[in-house]
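> My structure file start_13.cif, mmCIF, C-alpha atoms, is below:
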data_run
#
loop_
_atom_site.group_PDB
_atom_site.id
_atom_site.type_symbol
_atom_site.label_atom_id
_atom_site.label_comp_id
_atom_site.auth_asym_id
_atom_site.auth_seq_id
_atom_site.Cartn_x
_atom_site.Cartn_y
_atom_site.Cartn_z
ATOM 1 C CA MET L 1 -3.039 42.263 70.216
ATOM 2 C CA LYS L 2 -6.114 44.456 70.605
ATOM 3 C CA ASP L 3 -7.046 48.148 70.712
ATOM 4 C CA ASN L 4 -7.280 49.601 74.240
ATOM 5 C CA GLN L 5 -11.011 50.282 74.648
ATOM 6 C CA TYR L 6 -10.271 52.446 77.722
ATOM 7 C CA GLU L 7 -7.892 54.835 75.935
ATOM 8 C CA ILE L 8 -9.200 58.397 76.360
ATOM 9 C CA PHE L 9 -9.948 60.507 73.256
ATOM 10 C CA PRO L 10 -10.853 64.174 73.047
ATOM 11 C CA ILE L 11 -14.337 65.100 71.866
ATOM 12 C CA VAL L 12 -14.345 68.064 69.464
ATOM 13 C CA ASP L 13 -16.728 70.171 67.404
ATOM 14 C CA GLU L 14 -16.509 70.343 63.593
ATOM 15 C CA GLU L 15 -13.815 73.036 63.821
ATOM 16 C CA GLY L 16 -11.653 70.968 66.165
ATOM 17 C CA HIS L 17 -12.419 72.824 69.402
ATOM 18 C CA PHE L 18 -12.170 70.652 72.522
ATOM 19 C CA LYS L 19 -15.521 69.772 74.116
ATOM 20 C CA GLY L 20 -14.716 66.916 76.504
ATOM 21 C CA THR L 21 -13.404 63.352 76.616
ATOM 22 C CA THR L 22 -14.576 59.826 75.883
ATOM 23 C CA SER L 23 -13.116 56.332 75.785
ATOM 24 C CA ARG L 24 -12.069 54.603 72.552
ATOM 25 C CA GLY L 25 -14.703 51.968 73.236
ATOM 26 C CA HIS L 26 -17.474 54.555 73.484
ATOM 27 C CA ALA L 27 -16.193 56.566 70.491
ATOM 28 C CA HIS L 28 -16.420 53.390 68.369
ATOM 29 C CA ASP L 29 -19.672 51.907 69.720
ATOM 30 C CA GLY L 30 -22.057 53.729 67.398
ATOM 31 C CA CYS L 31 -22.698 56.754 69.633
ATOM 32 C CA LYS L 32 -21.084 58.944 66.950
ATOM 33 C CA VAL L 33 -19.270 61.297 69.316
ATOM 34 C CA LEU L 34 -16.943 63.424 67.146
ATOM 35 C CA HIS L 35 -13.254 62.766 67.821
ATOM 36 C CA PRO L 36 -10.188 64.035 65.900
ATOM 37 C CA VAL L 37 -7.839 61.934 63.783
ATOM 38 C CA VAL L 38 -4.956 62.590 61.380
ATOM 39 C CA HIS L 39 -4.325 61.029 57.956
ATOM 40 C CA LEU L 40 -1.139 61.324 55.913
ATOM 41 C CA HIS L 41 -0.973 60.502 52.203
ATOM 42 C CA LEU L 42 2.699 59.741 51.526
ATOM 43 C CA PHE L 43 3.842 59.787 47.894
ATOM 44 C CA ASN L 44 7.216 58.735 46.525
ATOM 45 C CA ASN L 45 9.003 60.637 43.728
ATOM 46 C CA LYS L 46 7.268 58.396 41.115
ATOM 47 C CA GLY L 47 3.841 59.585 42.257
ATOM 48 C CA GLU L 48 3.001 56.267 43.902
ATOM 49 C CA LEU L 49 1.010 56.376 47.119
ATOM 50 C CA TYR L 50 2.066 54.386 50.179
ATOM 51 C CA LEU L 51 -0.790 52.478 51.815
ATOM 52 C CA GLN L 52 -0.854 50.495 55.038
ATOM 53 C CA LYS L 53 -2.753 47.274 55.580
ATOM 54 C CA ARG L 54 -4.689 47.324 58.825
ATOM 55 C CA PRO L 55 -4.102 44.319 61.110
ATOM 56 C CA GLU L 56 -6.924 41.828 61.624
ATOM 57 C CA TRP L 57 -7.072 42.734 65.340
ATOM 58 C CA LYS L 58 -8.135 46.364 64.726
ATOM 59 C CA ASP L 59 -11.619 47.258 65.966
ATOM 60 C CA ILE L 60 -12.393 49.342 62.856
ATOM 61 C CA GLN L 61 -11.897 48.060 59.258
ATOM 62 C CA PRO L 62 -9.548 45.126 60.010
ATOM 63 C CA GLY L 63 -7.531 43.719 57.093
ATOM 64 C CA LYS L 64 -8.224 46.603 54.704
ATOM 65 C CA TRP L 65 -5.714 48.873 52.964
ATOM 66 C CA ASP L 66 -5.785 52.452 54.233
ATOM 67 C CA THR L 67 -3.952 55.781 54.174
ATOM 68 C CA ALA L 68 -0.199 55.596 54.787
ATOM 69 C CA CYS L 69 -0.736 56.780 58.317
ATOM 70 C CA GLY L 70 -3.827 57.375 60.367
ATOM 71 C CA GLY L 71 -4.330 57.820 64.042
ATOM 72 C CA HIS L 72 -6.204 59.489 66.833
ATOM 73 C CA VAL L 73 -5.224 62.805 68.361
ATOM 74 C CA ASP L 74 -4.425 62.384 72.061
ATOM 75 C CA ILE L 75 -5.749 64.565 74.878
ATOM 76 C CA GLY L 76 -3.756 67.832 75.013
ATOM 77 C CA GLU L 77 -1.996 67.112 71.722
ATOM 78 C CA SER L 78 -2.153 69.397 68.664
ATOM 79 C CA VAL L 79 -3.060 67.986 65.266
ATOM 80 C CA GLN L 80 0.548 68.578 64.101
ATOM 81 C CA GLN L 81 1.959 66.796 67.166
ATOM 82 C CA ALA L 82 -0.388 63.849 66.586
ATOM 83 C CA LEU L 83 0.602 63.669 62.916
ATOM 84 C CA HIS L 84 4.332 63.551 63.677
ATOM 85 C CA ARG L 85 3.856 61.044 66.531
ATOM 86 C CA GLU L 86 1.696 58.711 64.424
ATOM 87 C CA VAL L 87 3.963 58.874 61.343
ATOM 88 C CA SER L 88 6.993 58.100 63.502
ATOM 89 C CA GLU L 89 5.223 55.222 65.294
ATOM 90 C CA GLU L 90 3.569 53.653 62.243
ATOM 91 C CA LEU L 91 6.069 54.324 59.441
ATOM 92 C CA GLY L 92 9.367 55.068 61.166
ATOM 93 C CA VAL L 93 9.489 58.374 59.280
ATOM 94 C CA LYS L 94 10.661 61.400 61.249
ATOM 95 C CA ASP L 95 11.806 64.019 58.725
ATOM 96 C CA PHE L 96 8.962 64.948 56.383
ATOM 97 C CA GLN L 97 7.177 68.103 55.272
ATOM 98 C CA ALA L 98 3.413 67.656 55.551
ATOM 99 C CA ILE L 99 1.118 69.860 53.501
ATOM 100 C CA PRO L 100 -2.302 70.380 55.114
ATOM 101 C CA MET L 101 -5.202 69.600 52.783
ATOM 102 C CA GLY L 102 -8.084 70.455 55.095
ATOM 103 C CA HIS L 103 -10.439 68.544 57.319
ATOM 104 C CA TYR L 104 -13.829 66.894 57.026
ATOM 105 C CA VAL L 105 -16.244 64.820 59.087
ATOM 106 C CA PHE L 106 -16.303 61.098 58.306
ATOM 107 C CA GLU L 107 -19.219 59.095 59.645
ATOM 108 C CA SER L 108 -19.791 55.335 59.569
ATOM 109 C CA LYS L 109 -22.190 53.070 61.449
ATOM 110 C CA ARG L 110 -19.724 52.843 64.345
ATOM 111 C CA GLU L 111 -18.005 56.221 64.580
ATOM 112 C CA LYS L 112 -17.759 59.877 63.640
ATOM 113 C CA GLU L 113 -14.321 61.423 63.116
ATOM 114 C CA LEU L 114 -12.964 64.874 62.382
ATOM 115 C CA VAL L 115 -10.323 63.859 59.828
ATOM 116 C CA ASN L 116 -7.347 66.216 59.403
ATOM 117 C CA VAL L 117 -5.776 65.384 56.027
ATOM 118 C CA PHE L 118 -2.139 65.920 55.035
ATOM 119 C CA ARG L 119 0.058 64.876 52.142
ATOM 120 C CA CYS L 120 3.783 64.768 51.538
ATOM 121 C CA GLU L 121 6.348 63.572 49.064
ATOM 122 C CA TYR L 122 8.998 61.437 50.711
ATOM 123 C CA ALA L 123 12.146 59.992 49.155
ATOM 124 C CA GLY L 124 13.455 58.162 52.215
ATOM 125 C CA GLU L 125 12.863 54.662 53.486
ATOM 126 C CA VAL L 126 9.552 53.674 55.051
ATOM 127 C CA ASN L 127 9.838 51.190 57.928
ATOM 128 C CA PRO L 128 6.311 50.094 58.851
ATOM 129 C CA SER L 129 5.699 49.109 62.461
ATOM 130 C CA LYS L 130 5.280 45.362 62.848
ATOM 131 C CA ASP L 131 3.183 46.034 65.968
ATOM 132 C CA GLU L 132 0.752 48.518 64.408
ATOM 133 C CA LEU L 133 0.501 47.502 60.730
ATOM 134 C CA SER L 134 -0.030 44.236 58.913
ATOM 135 C CA ASP L 135 1.740 45.378 55.714
ATOM 136 C CA GLY L 136 2.606 48.430 53.651
ATOM 137 C CA LYS L 137 3.548 49.197 50.071
ATOM 138 C CA PHE L 138 3.455 51.824 47.346
ATOM 139 C CA TRP L 139 0.524 51.684 44.904
ATOM 140 C CA SER L 140 0.265 53.309 41.473
ATOM 141 C CA ARG L 141 -2.775 55.431 40.632
ATOM 142 C CA GLU L 142 -3.891 52.724 38.203
ATOM 143 C CA GLU L 143 -3.689 50.023 40.896
ATOM 144 C CA ILE L 144 -5.724 52.142 43.302
ATOM 145 C CA LEU L 145 -8.397 53.002 40.737
ATOM 146 C CA ALA L 146 -8.671 49.341 39.670
ATOM 147 C CA ASN L 147 -9.424 48.307 43.276
ATOM 148 C CA ILE L 148 -11.820 51.062 44.386
ATOM 149 C CA GLY L 149 -15.235 49.662 45.220
ATOM 150 C CA LYS L 150 -14.010 46.071 45.594
ATOM 151 C CA GLY L 151 -13.686 45.930 49.391
ATOM 152 C CA VAL L 152 -9.884 46.185 49.268
ATOM 153 C CA PHE L 153 -9.669 49.661 50.838
ATOM 154 C CA THR L 154 -11.325 51.290 53.834
ATOM 155 C CA PRO L 155 -14.375 53.355 52.852
ATOM 156 C CA ASN L 156 -12.813 56.521 54.265
ATOM 157 C CA PHE L 157 -9.639 56.006 52.198
ATOM 158 C CA GLU L 158 -11.725 55.574 49.039
ATOM 159 C CA SER L 159 -13.790 58.697 49.637
ATOM 160 C CA GLU L 160 -10.708 60.708 50.616
ATOM 161 C CA TYR L 161 -8.731 59.542 47.583
ATOM 162 C CA GLN L 162 -11.567 60.422 45.224
ATOM 163 C CA LYS L 163 -12.056 63.816 46.891
ATOM 164 C CA TYR L 164 -8.409 64.943 47.058
ATOM 165 C CA PHE L 165 -6.651 63.078 44.242
#
Rewrite the structure of this file - the entire thing - as structure tokens.

Amino acid sequence: MKDNQYEIFPIVDEEGHFKGTTSRGHAHDGCKVLHPVVHLHLFNNKGELYLQKRPEWKDIQPGKWDTACGGHVDIGESVQQALHREVSEELGVKDFQAIPMGHYVFESKREKELVNVFRCEYAGEVNPSKDELSDGKFWSREEILANIGKGVFTPNFESEYQKYF
């Protein structure tokens, strides 16, 4: 499996206003065109945070643990629509109440994203997609803190976790 380098992403400004389009390949080739994504931090009733393990075939941060759900906003799709689509596709979760936590610009050597961050508490079953994720499990705060800075997590997850939690 491999990411579709020809998939079309919206280009946005730092407030999320549409400015044009680009391909996934171009958005991730170091040109740093700003494109919108959604992240969901999903907690269980014990305060543990669900994390997904990115498959080795991903073009960005393969094999690292990351936010419960993360994905790109499609052309013509609202941030809320993207969030619900991605959570359903990646985690099999359909009925959840997401709390918006804000947005920020994340920049790496390969890309620049407008990250829209949400959180929720969820008591139901999580059924991670075998096509989109390598693994998934709940982590305690202590487990997360013990692994920050060790190359276990994506850099954006680490910075987001330290900023919001």
> Please enumerate the residues selected by the PyMOL selection byres ((chain L and resi 137) around 8) when evaluated against the supplied file, formatted as number ranges by chain.
L: 50-52, 135-136, 138-139
> Determine, for each residue of region 59-83 of chain L having at least one atom at most 10 Å from an atom of region 106-129 of chain L, the closest pair of atoms and their separation in Å to one decimal, counting all atoms listed in the file; order by chain and ascending number, as a Markdown table.

| residue | atom | partner | partner_atom | distance |
| --- | --- | --- | --- | --- |
| L:Asp59 | CA | L:Arg110 | CA | 10.0 |
| L:Ile60 | CA | L:Arg110 | CA | 8.3 |
| L:Thr67 | CA | L:Val117 | CA | 9.9 |
| L:Ala68 | CA | L:Pro128 | CA | 9.4 |
| L:Cys69 | CA | L:Pro128 | CA | 9.7 |
| L:Gly70 | CA | L:Val115 | CA | 9.2 |
| L:Gly71 | CA | L:Val115 | CA | 9.5 |
| L:His72 | CA | L:Glu113 | CA | 9.1 |
| L:Val73 | CA | L:Asn116 | CA | 9.8 |
| L:Val79 | CA | L:Asn116 | CA | 7.5 |
| L:Gln80 | CA | L:Asn116 | CA | 9.5 |
| L:Leu83 | CA | L:Phe118 | CA | 8.6 |
> Between L:Val12, L:Ile75, L:Ile99, L:Ala82, which residue has the minimum interatomic distance to Leu42 (chain L), considering all atoms listed in the file?
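Nearest to Leu42 (chain L): L:Ile99.
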> List as JSON, numbers by chain: which residues have an atom within 12 Å of (-17.8, 56.5, 71.6), counting all atoms listed in the file?
{"L": [5, 6, 7, 8, 9, 10, 11, 20, 21, 22, 23, 24, 25, 26, 27, 28, 29, 30, 31, 32, 33, 34, 35, 109, 110, 111, 112, 113]}
> Keeping only C-alpha atoms, write those residues as a short mmCIF file (atom, residue, chain, number, x, y, z; two decimals), in the coordinates of the input.

data_model
loop_
_atom_site.label_atom_id
_atom_site.label_comp_id
_atom_site.auth_asym_id
_atom_site.auth_seq_id
_atom_site.Cartn_x
_atom_site.Cartn_y
_atom_site.Cartn_z
CA GLN L 5 -11.01 50.28 74.65
CA TYR L 6 -10.27 52.45 77.72
CA GLU L 7 -7.89 54.84 75.94
CA ILE L 8 -9.20 58.40 76.36
CA PHE L 9 -9.95 60.51 73.26
CA PRO L 10 -10.85 64.17 73.05
CA ILE L 11 -14.34 65.10 71.87
CA GLY L 20 -14.72 66.92 76.50
CA THR L 21 -13.40 63.35 76.62
CA THR L 22 -14.58 59.83 75.88
CA SER L 23 -13.12 56.33 75.78
CA ARG L 24 -12.07 54.60 72.55
CA GLY L 25 -14.70 51.97 73.24
CA HIS L 26 -17.47 54.56 73.48
CA ALA L 27 -16.19 56.57 70.49
CA HIS L 28 -16.42 53.39 68.37
CA ASP L 29 -19.67 51.91 69.72
CA GLY L 30 -22.06 53.73 67.40
CA CYS L 31 -22.70 56.75 69.63
CA LYS L 32 -21.08 58.94 66.95
CA VAL L 33 -19.27 61.30 69.32
CA LEU L 34 -16.94 63.42 67.15
CA HIS L 35 -13.25 62.77 67.82
CA LYS L 109 -22.19 53.07 61.45
CA ARG L 110 -19.72 52.84 64.34
CA GLU L 111 -18.00 56.22 64.58
CA LYS L 112 -17.76 59.88 63.64
CA GLU L 113 -14.32 61.42 63.12
#
> CA of Asp66 (chain L) and CA of Asn156 (chain L) are how many Å apart?
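Interatomic distance here is 8.1 Å.
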> Would you please work out which residue, of L:Val37, L:Val152, L:Lys64, L:Lys19, is nearest to Gln81 (chain L) when using all atoms listed in the file?
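Ranking L:Val37, L:Val152, L:Lys64, L:Lys19 by distance to Gln81 (chain L), first place goes to L:Val37.
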> At a cut-off of 9 Å, using all atoms listed in the file, what residues contact Lys94 (chain L)? Leave out same-chain residues fewer than 3 positions from it and give the result as JSON, numbers by chain.
{"L": [84, 85, 87, 88, 91]}
> May I have the residues from that selection written out with C-alpha atoms, as an mmCIF file, keeping the file's coordinate frame?

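Output saved as part02.cif:
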data_model
loop_
_atom_site.group_PDB
_atom_site.id
_atom_site.type_symbol
_atom_site.label_atom_id
_atom_site.label_comp_id
_atom_site.auth_asym_id
_atom_site.auth_seq_id
_atom_site.Cartn_x
_atom_site.Cartn_y
_atom_site.Cartn_z
ATOM 1 C CA HIS L 84 4.332 63.551 63.677
ATOM 2 C CA ARG L 85 3.856 61.044 66.531
ATOM 3 C CA VAL L 87 3.963 58.874 61.343
ATOM 4 C CA SER L 88 6.993 58.100 63.502
ATOM 5 C CA LEU L 91 6.069 54.324 59.441
#
> Could you state the separation of CA of Asp74 (chain L) and CA of Val105 (chain L) in Å, given to one decimal place?
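Distance reported for this atom pair: 17.7 Å.
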> Work out how far CA of Asp131 (chain L) is from CA of Tyr161 (chain L), in Å to one decimal.
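According to the coordinates, CA of Tyr161 (chain L) and CA of Asp131 (chain L) are separated by 25.7 Å.
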> As a list in words, please: the residues near Gly63 (chain L) (cut-off 10 Å, only C-alpha atoms, same-chain neighbours under 4 positions excluded).
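In the requested format, the answer is Gln52, Lys53, Arg54, Pro55, Glu56, Trp57, Lys58, Leu133, Ser134, Asp135, Val152, Phe153 and Thr154 of chain L.
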